[in-house]
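> Structure supplied as target-v3.txt; contents: compact mmCIF, C-alpha atoms.
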```txt
# COMPACT_ATOMS: atom_id res chain seq x y z
CA MET I 1 88.82 -46.19 -71.40
CA VAL I 2 92.34 -44.78 -71.80
CA ALA I 3 93.96 -48.01 -70.69
CA ASP I 4 92.23 -49.92 -73.55
CA ASP I 5 95.25 -51.47 -75.14
CA THR I 6 97.34 -52.10 -72.06
CA LEU I 7 94.95 -54.71 -70.59
CA PRO I 8 95.94 -58.35 -71.18
CA GLU I 9 93.80 -60.16 -73.79
CA LEU I 10 91.83 -63.24 -72.75
CA GLY I 11 91.30 -64.34 -76.35
CA PRO I 12 87.88 -65.06 -77.92
CA ARG I 13 87.32 -68.28 -75.99
CA GLY I 14 88.53 -66.96 -72.66
CA ALA I 15 86.45 -63.80 -72.97
CA LEU I 16 83.34 -65.80 -73.95
CA LEU I 17 83.74 -68.00 -70.88
CA ALA I 18 84.43 -65.02 -68.60
CA GLY I 19 81.21 -63.35 -69.80
CA ALA I 20 79.28 -66.60 -69.33
CA ARG I 21 80.64 -66.96 -65.80
CA ALA I 22 79.63 -63.38 -64.94
CA ALA I 23 76.05 -64.09 -66.06
CA ALA I 24 75.77 -67.50 -64.40
CA LEU I 25 73.94 -67.76 -61.13
CA ALA I 26 72.48 -64.49 -59.80
CA PRO I 27 71.74 -62.64 -63.10
CA ALA I 28 70.60 -65.83 -64.86
CA LEU I 29 68.40 -66.84 -61.92
CA VAL I 30 66.73 -63.46 -61.65
CA LEU I 31 66.17 -63.07 -65.39
CA GLY I 32 65.01 -66.70 -65.60
CA ALA I 33 62.51 -65.99 -62.83
CA SER I 34 61.23 -62.94 -64.72
CA TYR I 35 60.70 -65.22 -67.74
CA VAL I 36 58.77 -67.67 -65.56
CA GLY I 37 56.39 -64.72 -65.22
CA PHE I 38 56.26 -64.38 -69.04
CA GLY I 39 55.82 -68.11 -69.59
CA SER I 40 52.98 -68.29 -67.11
CA LEU I 41 51.30 -65.27 -68.75
CA VAL I 42 51.32 -67.23 -72.03
CA GLY I 43 50.30 -70.49 -70.33
CA ALA I 44 47.48 -68.95 -68.30
CA HIS I 45 45.83 -67.70 -71.49
CA GLU I 46 46.36 -71.02 -73.26
CA LEU I 47 48.52 -69.70 -76.07
CA SER I 48 51.06 -72.27 -77.26
CA LEU I 49 54.48 -73.02 -75.76
CA GLY I 50 55.91 -73.00 -79.29
CA PHE I 51 54.80 -69.39 -79.65
CA ALA I 52 56.30 -68.41 -76.27
CA LEU I 53 59.67 -70.00 -77.14
CA PHE I 54 59.64 -68.59 -80.67
CA ASN I 55 59.07 -65.13 -79.21
CA THR I 56 61.83 -65.46 -76.60
CA LEU I 57 64.16 -66.76 -79.34
CA THR I 58 63.45 -64.10 -81.96
CA ALA I 59 62.51 -60.97 -79.99
CA TRP I 60 64.39 -61.35 -76.72
CA ALA I 61 63.43 -58.25 -74.70
CA LEU I 62 60.86 -58.79 -71.98
CA PRO I 63 58.80 -55.56 -72.01
CA GLY I 64 58.08 -55.90 -75.75
CA GLN I 65 57.17 -59.58 -75.30
CA VAL I 66 54.60 -58.70 -72.65
CA VAL I 67 53.15 -56.03 -74.96
CA LEU I 68 52.87 -58.61 -77.77
CA VAL I 69 50.92 -61.08 -75.62
CA GLU I 70 48.66 -58.48 -74.04
CA LEU I 71 47.77 -56.87 -77.38
CA TYR I 72 47.26 -60.22 -79.10
CA LEU I 73 44.88 -61.26 -76.33
CA ALA I 74 43.07 -57.94 -76.70
CA GLY I 75 42.52 -58.80 -80.38
CA SER I 76 44.80 -56.16 -81.92
CA GLY I 77 45.87 -56.48 -85.57
CA VAL I 78 49.40 -57.33 -86.71
CA LEU I 79 50.25 -53.75 -87.73
CA ALA I 80 49.08 -52.31 -84.39
CA ILE I 81 51.10 -54.98 -82.55
CA MET I 82 54.19 -54.20 -84.62
CA LEU I 83 53.94 -50.48 -83.86
CA ALA I 84 53.31 -51.00 -80.14
CA VAL I 85 56.19 -53.49 -79.78
CA GLY I 86 58.43 -51.13 -81.75
CA LEU I 87 57.51 -48.30 -79.41
CA ALA I 88 58.08 -50.44 -76.32
CA ASN I 89 61.50 -51.51 -77.61
CA MET I 90 62.70 -48.17 -78.94
CA ARG I 91 65.11 -47.99 -75.99
CA LEU I 92 67.19 -50.68 -77.74
CA ALA I 93 68.38 -48.08 -80.29
CA PRO I 94 70.20 -45.67 -77.90
CA MET I 95 71.38 -48.68 -75.86
CA THR I 96 72.99 -50.24 -78.94
CA VAL I 97 74.44 -46.90 -80.04
CA ALA I 98 76.02 -46.46 -76.59
CA MET I 99 77.52 -49.96 -76.58
CA MET I 100 78.95 -50.06 -80.13
CA PRO I 101 82.01 -47.80 -79.64
CA LEU I 102 82.93 -49.89 -76.57
CA VAL I 103 82.78 -53.32 -78.26
CA ALA I 104 83.84 -52.53 -81.86
CA SER I 105 87.43 -53.36 -82.82
CA PRO I 106 89.10 -51.78 -85.83
CA GLY I 107 89.57 -54.22 -88.71
CA ARG I 108 86.82 -56.63 -87.67
CA PRO I 109 83.87 -57.10 -90.06
CA ALA I 110 80.69 -55.13 -89.40
CA TRP I 111 78.41 -58.17 -89.72
CA ARG I 112 79.67 -59.35 -86.34
CA LEU I 113 78.26 -56.22 -84.74
CA TYR I 114 74.95 -56.58 -86.59
CA ALA I 115 74.70 -60.21 -85.48
CA SER I 116 75.61 -59.53 -81.85
CA ALA I 117 73.18 -56.61 -81.67
CA PHE I 118 70.47 -59.27 -81.74
CA PHE I 119 71.39 -59.90 -78.08
CA VAL I 120 71.24 -56.32 -76.86
CA ALA I 121 68.85 -56.45 -73.89
CA VAL I 122 68.88 -54.66 -70.58
CA THR I 123 70.68 -57.17 -68.35
CA CYS I 124 73.63 -58.10 -70.59
CA TRP I 125 73.87 -54.51 -71.84
CA ALA I 126 74.17 -53.04 -68.33
CA MET I 127 76.67 -55.76 -67.34
CA THR I 128 78.80 -55.13 -70.45
CA MET I 129 78.68 -51.33 -70.03
CA ALA I 130 79.94 -51.79 -66.46
CA GLN I 131 82.59 -54.39 -67.32
CA ALA I 132 83.97 -53.05 -70.62
CA PRO I 133 86.56 -50.67 -69.12
CA ASN I 134 88.15 -53.67 -67.33
CA LEU I 135 88.44 -55.71 -70.55
CA ALA I 136 90.81 -55.48 -73.49
CA ARG I 137 88.99 -53.99 -76.49
CA ARG I 138 89.20 -57.15 -78.62
CA ASP I 139 87.71 -59.25 -75.78
CA ARG I 140 84.62 -57.17 -75.16
CA LEU I 141 82.34 -58.46 -77.92
CA SER I 142 83.06 -62.09 -76.98
CA TRP I 143 82.47 -61.27 -73.31
CA PHE I 144 79.10 -59.73 -74.24
CA ILE I 145 78.12 -62.78 -76.33
CA GLY I 146 79.08 -65.21 -73.54
CA CYS I 147 77.07 -63.21 -71.03
CA SER I 148 74.08 -62.98 -73.42
CA LEU I 149 74.04 -66.69 -74.32
CA VAL I 150 73.75 -67.73 -70.66
CA LEU I 151 71.00 -65.17 -70.02
CA TRP I 152 69.18 -66.16 -73.21
CA ALA I 153 69.29 -69.84 -72.23
CA ALA I 154 68.00 -68.96 -68.74
CA SER I 155 65.15 -66.99 -70.37
CA LEU I 156 64.16 -69.99 -72.51
CA VAL I 157 64.21 -72.31 -69.50
CA GLY I 158 62.20 -69.76 -67.49
CA THR I 159 59.65 -69.53 -70.32
CA ILE I 160 59.16 -73.32 -70.35
CA VAL I 161 58.93 -73.58 -66.56
CA GLY I 162 56.46 -70.70 -66.39
CA PHE I 163 54.31 -72.14 -69.18
CA TYR I 164 53.85 -75.48 -67.46
CA ALA I 165 53.66 -74.03 -63.94
CA ALA I 166 51.01 -71.44 -64.87
CA ALA I 167 48.18 -73.52 -63.48
CA GLU I 168 50.09 -74.57 -60.36
CA LEU I 169 51.68 -71.26 -59.39
CA PRO I 170 49.71 -69.19 -56.88
CA VAL I 171 48.87 -65.73 -58.23
CA SER I 172 50.85 -64.10 -55.41
CA LEU I 173 54.03 -65.84 -56.61
CA THR I 174 53.46 -64.95 -60.27
CA LEU I 175 53.03 -61.31 -59.29
CA ALA I 176 56.23 -61.42 -57.24
CA LEU I 177 58.08 -62.87 -60.26
CA VAL I 178 56.71 -60.21 -62.59
CA PHE I 179 57.80 -57.54 -60.12
CA LEU I 180 61.36 -58.93 -60.04
CA ASN I 181 62.07 -57.39 -63.40
CA PRO I 182 61.91 -53.67 -62.46
CA VAL I 183 63.55 -54.29 -59.07
CA TYR I 184 66.43 -56.13 -60.70
CA PHE I 185 66.89 -53.33 -63.24
CA LEU I 186 66.82 -50.74 -60.45
CA LEU I 187 69.66 -52.46 -58.57
CA LEU I 188 71.60 -53.21 -61.76
CA PHE I 189 71.57 -49.55 -62.83
CA LEU I 190 72.54 -48.43 -59.36
CA GLN I 191 75.48 -50.81 -59.60
CA SER I 192 76.49 -49.54 -63.04
CA THR I 193 76.85 -45.97 -61.72
CA GLN I 194 79.59 -47.14 -59.37
CA GLY I 195 83.06 -46.54 -60.67
CA ALA I 196 81.75 -44.31 -63.48
CA ARG I 197 84.06 -41.46 -64.41
CA ASP I 198 81.54 -38.80 -63.34
CA ALA I 199 77.90 -38.40 -62.32
CA THR I 200 76.49 -38.23 -65.88
CA ARG I 201 74.87 -41.69 -65.70
CA LEU I 202 73.42 -40.97 -62.27
CA VAL I 203 71.95 -37.66 -63.50
CA ALA I 204 70.46 -39.49 -66.50
CA LEU I 205 68.92 -42.21 -64.31
CA LEU I 206 67.49 -39.82 -61.72
CA SER I 207 66.08 -37.29 -64.18
CA GLY I 208 64.71 -39.97 -66.52
CA GLY I 209 63.00 -41.71 -63.60
CA ALA I 210 61.60 -38.47 -62.19
CA LEU I 211 60.31 -37.27 -65.58
CA CYS I 212 58.50 -40.55 -66.23
CA VAL I 213 55.65 -39.77 -63.82
CA PRO I 214 54.48 -36.44 -65.30
CA ALA I 215 55.22 -37.76 -68.81
CA HIS I 216 53.06 -40.82 -68.20
CA LEU I 217 50.17 -38.74 -66.89
CA TYR I 218 50.45 -36.60 -70.03
CA SER I 219 50.81 -39.47 -72.53
CA PRO I 220 51.18 -43.13 -71.47
CA GLU I 221 52.32 -44.23 -74.97
CA TRP I 222 55.11 -41.69 -75.30
CA SER I 223 56.15 -41.41 -71.65
CA LEU I 224 59.37 -43.44 -71.99
CA LEU I 225 60.51 -41.49 -75.01
CA ILE I 226 59.68 -38.10 -73.46
CA ALA I 227 61.38 -38.98 -70.17
CA GLY I 228 64.35 -40.54 -71.97
CA LEU I 229 64.96 -37.62 -74.32
CA GLY I 230 64.37 -35.07 -71.54
CA GLY I 231 66.46 -36.83 -68.89
CA GLY I 232 69.18 -37.81 -71.35
CA THR I 233 69.48 -34.26 -72.67
CA LEU I 234 69.74 -32.91 -69.12
CA ALA I 235 72.53 -35.38 -68.34
CA ALA I 236 74.37 -34.60 -71.59
CA LEU I 237 74.20 -30.87 -70.76
CA TYR I 238 75.59 -31.65 -67.32
CA ARG I 239 78.46 -33.56 -68.93
CA PHE I 240 79.01 -30.72 -71.40
CA ALA I 241 79.23 -28.19 -68.52
CA LEU I 242 81.76 -30.46 -66.73
CA VAL I 243 83.98 -30.73 -69.80
CA ARG I 244 83.84 -27.01 -70.54
CA ARG I 245 84.89 -26.04 -67.02
CA MET V 1 44.68 -73.08 -87.39
CA SER V 2 44.13 -69.49 -88.55
CA ALA V 3 44.42 -68.35 -84.93
CA GLU V 4 47.81 -70.08 -84.80
CA VAL V 5 48.85 -68.33 -88.05
CA GLY V 6 47.78 -64.99 -86.61
CA LEU V 7 49.72 -65.67 -83.43
CA TYR V 8 52.96 -66.43 -85.29
CA GLY V 9 52.36 -63.58 -87.71
CA ALA V 10 52.19 -61.24 -84.74
CA ALA V 11 55.36 -62.80 -83.30
CA VAL V 12 57.27 -62.32 -86.58
CA ALA V 13 56.10 -58.70 -86.72
CA ALA V 14 57.23 -58.22 -83.11
CA ALA V 15 60.65 -59.73 -83.93
CA ALA V 16 61.09 -57.38 -86.89
CA ALA V 17 60.07 -54.36 -84.81
CA THR V 18 62.53 -55.42 -82.10
CA TYR V 19 65.55 -56.05 -84.33
CA PHE V 20 64.88 -52.83 -86.24
CA TRP V 21 66.09 -50.71 -83.29
CA ARG V 22 69.11 -52.90 -82.65
CA GLY V 23 70.21 -52.73 -86.30
CA PHE V 24 69.57 -49.01 -86.32
CA GLY V 25 71.76 -48.71 -83.20
CA VAL V 26 74.67 -50.50 -84.91
CA ALA V 27 74.38 -48.37 -88.05
CA VAL V 28 74.43 -45.12 -86.05
CA GLY V 29 76.74 -46.22 -83.21
CA GLY V 30 79.48 -47.34 -85.58
CA ARG V 31 79.77 -43.82 -87.01
CA LEU V 32 79.91 -41.86 -83.76
CA ASP V 33 83.03 -40.59 -82.04
CA PRO V 34 83.01 -42.23 -78.58
CA ASN V 35 84.53 -39.10 -77.08
CA GLY V 36 82.03 -36.75 -78.72
CA LEU V 37 79.04 -35.04 -77.18
CA LEU V 38 76.56 -36.79 -79.50
CA PHE V 39 77.70 -40.17 -78.20
CA GLU V 40 77.39 -38.92 -74.59
CA TRP V 41 73.86 -37.83 -75.42
CA PHE V 42 72.82 -41.23 -76.84
CA ALA V 43 74.27 -43.02 -73.82
CA ALA V 44 72.52 -40.65 -71.41
CA VAL V 45 69.20 -41.11 -73.28
CA ALA V 46 69.62 -44.88 -72.94
CA TYR V 47 70.08 -44.67 -69.17
CA ALA V 48 67.22 -42.16 -68.81
CA ILE V 49 64.81 -44.36 -70.82
CA LEU V 50 65.73 -47.40 -68.70
CA ALA V 51 65.16 -45.48 -65.46
CA ALA V 52 61.81 -44.33 -66.84
CA LEU V 53 60.99 -47.95 -67.73
CA VAL V 54 61.65 -49.01 -64.13
CA VAL V 55 59.50 -46.19 -62.77
CA ARG V 56 56.69 -47.05 -65.20
CA LEU V 57 56.77 -50.75 -64.31
CA VAL V 58 56.63 -49.89 -60.59
CA VAL V 59 54.28 -46.88 -60.53
CA PHE V 60 52.04 -47.63 -63.54
CA PRO V 61 52.13 -51.43 -63.96
CA SER V 62 49.85 -53.31 -66.33
CA GLY V 63 47.82 -56.40 -65.53
CA GLU V 64 47.28 -57.87 -62.10
CA LEU V 65 50.09 -55.95 -60.39
CA ARG V 66 47.63 -53.04 -60.28
CA GLU V 67 45.81 -54.93 -57.50
CA ILE V 68 48.83 -54.35 -55.26
CA ALA V 69 48.74 -50.89 -53.66
CA LEU V 70 51.29 -48.34 -54.90
CA ALA V 71 52.62 -47.96 -51.33
CA VAL V 72 53.37 -51.70 -51.22
CA ARG V 73 55.12 -51.59 -54.60
CA LEU V 74 57.26 -48.65 -53.46
CA GLY V 75 57.85 -50.41 -50.13
CA ALA V 76 59.09 -53.48 -52.01
CA CYS V 77 61.60 -51.30 -53.90
CA ALA V 78 62.77 -49.73 -50.63
CA ALA V 79 63.15 -53.21 -49.12
CA ALA V 80 65.18 -54.25 -52.16
CA LEU V 81 67.48 -51.23 -51.86
CA GLY V 82 67.96 -51.68 -48.11
CA THR V 83 68.65 -55.41 -48.38
CA TYR V 84 70.97 -54.87 -51.35
CA LEU V 85 73.11 -52.42 -49.35
CA LEU V 86 72.93 -54.47 -46.16
CA PHE V 87 74.14 -57.66 -47.87
CA GLY V 88 77.22 -56.17 -49.49
CA ARG V 89 75.54 -55.02 -52.73
CA SER V 90 74.02 -58.41 -53.47
CA LEU V 91 71.53 -58.19 -56.37
CA PHE V 92 70.16 -61.55 -55.39
CA ALA V 93 69.36 -60.57 -51.78
CA GLY V 94 67.72 -57.32 -52.91
CA CYS V 95 65.52 -59.06 -55.48
CA PHE V 96 64.54 -61.74 -53.00
CA ALA V 97 63.41 -59.11 -50.45
CA ALA V 98 61.23 -57.31 -53.01
CA ALA V 99 59.67 -60.56 -54.21
CA ALA V 100 58.91 -61.55 -50.61
CA VAL V 101 57.14 -58.23 -49.92
CA ILE V 102 55.01 -58.52 -53.09
CA ALA V 103 54.17 -62.19 -52.51
CA ALA V 104 53.17 -61.52 -48.89
CA ALA V 105 51.04 -58.52 -49.83
CA ALA V 106 49.47 -60.36 -52.78
CA SER V 107 48.45 -63.38 -50.73
CA GLY V 108 46.84 -60.98 -48.24
CA VAL V 109 44.98 -58.95 -50.90
CA LEU V 110 43.89 -61.78 -53.15
CA SER V 111 42.88 -64.44 -50.64
```
Taking this structure as input, can you express it in the form of structure tokens?

Amino acid sequence: MVADDTLPELGPRGALLAGARAAALAPALVLGASYVGFGSLVGAHELSLGFALFNTLTAWALPGQVVLVELYLAGSGVLAIMLAVGLANMRLAPMTVAMMPLVASPGRPAWRLYASAFFVAVTCWAMTMAQAPNLARRDRLSWFIGCSLVLWAASLVGTIVGFYAAAELPVSLTLALVFLNPVYFLLLFLQSTQGARDATRLVALLSGGALCVPAHLYSPEWSLLIAGLGGGTLAALYRFALVRR
Amino acid sequence: MSAEVGLYGAAVAAAAATYFWRGFGVAVGGRLDPNGLLFEWFAAVAYAILAALVVRLVVFPSGELREIALAVRLGACAAALGTYLLFGRSLFAGCFAAAAVIAAAASGVLS
């Protein structure tokens, strides 16, 4: 992060294209495949394609989308759905907080950050967190947008394919597609710990993952928050001890 | 028609609940010192929550994935990790291996 201003600038267009290229192929294919799982969930229960696309357009974050469909099918009311989706997507707050100081440039209007935050989702977030130190500060937001737009488009295509393929896809394949999501995240996070300045991220990942099991047995609704606050605090203390030494 | 209205009403509510956290993140993140301990803490919480999300999706899945034994789900993750490392840290290869394990197990269990 020290070398911020010495890196050559790609310019808004160049950075957008570089981000798009980074997302094209493997990340877009895997995320698209996860969204085939979402689309087929919607299709299998005969909800409308318009609804599925509207949801992927306006609330792009897979775990919350699955919660929405499952609760709607279970007959939950709008307020209950809003609270459950909010709980499932609470992770977006610390993720956005962590990304902002990396992508913000002094002198640029704040609305750009508020608009781009609409795209904060696990895949493009993890890619941007890993790539930011190699990019000039003024290029980072454009890189993130380019990366997000490709992934968003892949998600929409995946939703459509899944919706129409729901009846044709064998259950075994749908399950495999649904399972892609956590596996992809697992590998992506592992990758993002490489080249990190110290082991803080690794400590956070390992302790958060380990705490999830007892936390879930104690309270399934709050398990992510408990494990996240617990694991994150442990990692921050570790970082604090490193700095103090 | 009213079912359709309810469906989109729920989707709008979900969109609001989703953007709320992103907007909140911008409002808070813009004020933090990126070299400060509070920022380190937020970033660490983000990584810890995401790791917990992965563990929850694998160990305590919802829906039909529950029909697949936990040992198979963990085996699929191990296969993903092994393949990922073996193929020069290829995300694609790792994901493919895991999907193959789940699909094979599922066609055995469900047929």
> Using only C-alpha atoms, I'd like every residue of chain I that has an atom within 7 Å of chain V; please write them out as a PyMOL selection string.
chain I and resi 26+51+55+58-59+68+78+81-82+85-86+89-98+100-101+113-114+117-118+172-173+175-177+179-180+182-187+201+204-205+207-209+212+224-225+227-229+231-233+235-236
> Restricted to C-alpha atoms, what would the selected residues look like written as a PDB file, in the frame of the given file?

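Done, and the output landed in part.pdb:
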```pdb
ATOM      1  CA  ALA I  26      72.480 -64.490 -59.800  1.00  0.00           C
ATOM      2  CA  PHE I  51      54.800 -69.390 -79.650  1.00  0.00           C
ATOM      3  CA  ASN I  55      59.070 -65.130 -79.210  1.00  0.00           C
ATOM      4  CA  THR I  58      63.450 -64.100 -81.960  1.00  0.00           C
ATOM      5  CA  ALA I  59      62.510 -60.970 -79.990  1.00  0.00           C
ATOM      6  CA  LEU I  68      52.870 -58.610 -77.770  1.00  0.00           C
ATOM      7  CA  VAL I  78      49.400 -57.330 -86.710  1.00  0.00           C
ATOM      8  CA  ILE I  81      51.100 -54.980 -82.550  1.00  0.00           C
ATOM      9  CA  MET I  82      54.190 -54.200 -84.620  1.00  0.00           C
ATOM     10  CA  VAL I  85      56.190 -53.490 -79.780  1.00  0.00           C
ATOM     11  CA  GLY I  86      58.430 -51.130 -81.750  1.00  0.00           C
ATOM     12  CA  ASN I  89      61.500 -51.510 -77.610  1.00  0.00           C
ATOM     13  CA  MET I  90      62.700 -48.170 -78.940  1.00  0.00           C
ATOM     14  CA  ARG I  91      65.110 -47.990 -75.990  1.00  0.00           C
ATOM     15  CA  LEU I  92      67.190 -50.680 -77.740  1.00  0.00           C
ATOM     16  CA  ALA I  93      68.380 -48.080 -80.290  1.00  0.00           C
ATOM     17  CA  PRO I  94      70.200 -45.670 -77.900  1.00  0.00           C
ATOM     18  CA  MET I  95      71.380 -48.680 -75.860  1.00  0.00           C
ATOM     19  CA  THR I  96      72.990 -50.240 -78.940  1.00  0.00           C
ATOM     20  CA  VAL I  97      74.440 -46.900 -80.040  1.00  0.00           C
ATOM     21  CA  ALA I  98      76.020 -46.460 -76.590  1.00  0.00           C
ATOM     22  CA  MET I 100      78.950 -50.060 -80.130  1.00  0.00           C
ATOM     23  CA  PRO I 101      82.010 -47.800 -79.640  1.00  0.00           C
ATOM     24  CA  LEU I 113      78.260 -56.220 -84.740  1.00  0.00           C
ATOM     25  CA  TYR I 114      74.950 -56.580 -86.590  1.00  0.00           C
ATOM     26  CA  ALA I 117      73.180 -56.610 -81.670  1.00  0.00           C
ATOM     27  CA  PHE I 118      70.470 -59.270 -81.740  1.00  0.00           C
ATOM     28  CA  SER I 172      50.850 -64.100 -55.410  1.00  0.00           C
ATOM     29  CA  LEU I 173      54.030 -65.840 -56.610  1.00  0.00           C
ATOM     30  CA  LEU I 175      53.030 -61.310 -59.290  1.00  0.00           C
ATOM     31  CA  ALA I 176      56.230 -61.420 -57.240  1.00  0.00           C
ATOM     32  CA  LEU I 177      58.080 -62.870 -60.260  1.00  0.00           C
ATOM     33  CA  PHE I 179      57.800 -57.540 -60.120  1.00  0.00           C
ATOM     34  CA  LEU I 180      61.360 -58.930 -60.040  1.00  0.00           C
ATOM     35  CA  PRO I 182      61.910 -53.670 -62.460  1.00  0.00           C
ATOM     36  CA  VAL I 183      63.550 -54.290 -59.070  1.00  0.00           C
ATOM     37  CA  TYR I 184      66.430 -56.130 -60.700  1.00  0.00           C
ATOM     38  CA  PHE I 185      66.890 -53.330 -63.240  1.00  0.00           C
ATOM     39  CA  LEU I 186      66.820 -50.740 -60.450  1.00  0.00           C
ATOM     40  CA  LEU I 187      69.660 -52.460 -58.570  1.00  0.00           C
ATOM     41  CA  ARG I 201      74.870 -41.690 -65.700  1.00  0.00           C
ATOM     42  CA  ALA I 204      70.460 -39.490 -66.500  1.00  0.00           C
ATOM     43  CA  LEU I 205      68.920 -42.210 -64.310  1.00  0.00           C
ATOM     44  CA  SER I 207      66.080 -37.290 -64.180  1.00  0.00           C
ATOM     45  CA  GLY I 208      64.710 -39.970 -66.520  1.00  0.00           C
ATOM     46  CA  GLY I 209      63.000 -41.710 -63.600  1.00  0.00           C
ATOM     47  CA  CYS I 212      58.500 -40.550 -66.230  1.00  0.00           C
ATOM     48  CA  LEU I 224      59.370 -43.440 -71.990  1.00  0.00           C
ATOM     49  CA  LEU I 225      60.510 -41.490 -75.010  1.00  0.00           C
ATOM     50  CA  ALA I 227      61.380 -38.980 -70.170  1.00  0.00           C
ATOM     51  CA  GLY I 228      64.350 -40.540 -71.970  1.00  0.00           C
ATOM     52  CA  LEU I 229      64.960 -37.620 -74.320  1.00  0.00           C
ATOM     53  CA  GLY I 231      66.460 -36.830 -68.890  1.00  0.00           C
ATOM     54  CA  GLY I 232      69.180 -37.810 -71.350  1.00  0.00           C
ATOM     55  CA  THR I 233      69.480 -34.260 -72.670  1.00  0.00           C
ATOM     56  CA  ALA I 235      72.530 -35.380 -68.340  1.00  0.00           C
ATOM     57  CA  ALA I 236      74.370 -34.600 -71.590  1.00  0.00           C
TER      58      ALA I 236
END
```
> Give me, please, the distance in Å between CA of Val157 (chain I) and CA of Leu25 (chain I), quoted to one decimal.
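For CA of Val157 (chain I) relative to CA of Leu25 (chain I), the distance reads 13.6 Å.
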> Which value, in Å to one decimal, gives the distance between CA of Arg239 (chain I) and CA of Ile226 (chain I)?
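Computing the Euclidean distance for CA of Arg239 (chain I) and CA of Ile226 (chain I) yields 19.8 Å.
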> Figure out the distance between CA of Ala88 (chain I) and CA of Gly39 (chain I), please, to one decimal in Å.
19.0 Å
> Need the shell around Arg138 (chain I): protein/DNA/RNA residues with any atom at most 10 Å away, counting only C-alpha atoms. Skip same-chain ones fewer than 6 positions apart. Format as a list of chain:residue names?
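After dropping sequence-adjacent residues, the list is I:Asp4, I:Asp5, I:Glu9, I:Leu10, I:Gly11, I:Pro12, I:Ala15, I:Leu102, I:Val103, I:Ala104, I:Ser105, I:Pro106, I:Arg108.
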> Go ahead and write the residues just picked, C-alpha atoms, as an mmCIF file, keeping the file's coordinate frame.

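What ended up in selection12.cif:
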```cif
data_model
loop_
_atom_site.group_PDB
_atom_site.id
_atom_site.type_symbol
_atom_site.label_atom_id
_atom_site.label_comp_id
_atom_site.auth_asym_id
_atom_site.auth_seq_id
_atom_site.Cartn_x
_atom_site.Cartn_y
_atom_site.Cartn_z
ATOM 1 C CA ASP I 4 92.230 -49.920 -73.550
ATOM 2 C CA ASP I 5 95.250 -51.470 -75.140
ATOM 3 C CA GLU I 9 93.800 -60.160 -73.790
ATOM 4 C CA LEU I 10 91.830 -63.240 -72.750
ATOM 5 C CA GLY I 11 91.300 -64.340 -76.350
ATOM 6 C CA PRO I 12 87.880 -65.060 -77.920
ATOM 7 C CA ALA I 15 86.450 -63.800 -72.970
ATOM 8 C CA LEU I 102 82.930 -49.890 -76.570
ATOM 9 C CA VAL I 103 82.780 -53.320 -78.260
ATOM 10 C CA ALA I 104 83.840 -52.530 -81.860
ATOM 11 C CA SER I 105 87.430 -53.360 -82.820
ATOM 12 C CA PRO I 106 89.100 -51.780 -85.830
ATOM 13 C CA ARG I 108 86.820 -56.630 -87.670
#
```
> So which residues touch Leu57 (chain I) within 9 Å, counting only C-alpha atoms, skipping near sequence neighbours fewer than 3 positions away, as a list of chain:residue names?
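Final neighbour list, sorted by chain and number: I:Ala52, I:Leu53, I:Phe54, I:Trp60, I:Trp152, I:Leu156.
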> Take the residues from that selection and write them out as a compact mmCIF listing (two decimals), in the coordinates of the input, keeping C-alpha atoms.

```txt
# COMPACT_ATOMS: atom_id res chain seq x y z
CA ALA I 52 56.30 -68.41 -76.27
CA LEU I 53 59.67 -70.00 -77.14
CA PHE I 54 59.64 -68.59 -80.67
CA TRP I 60 64.39 -61.35 -76.72
CA TRP I 152 69.18 -66.16 -73.21
CA LEU I 156 64.16 -69.99 -72.51
```
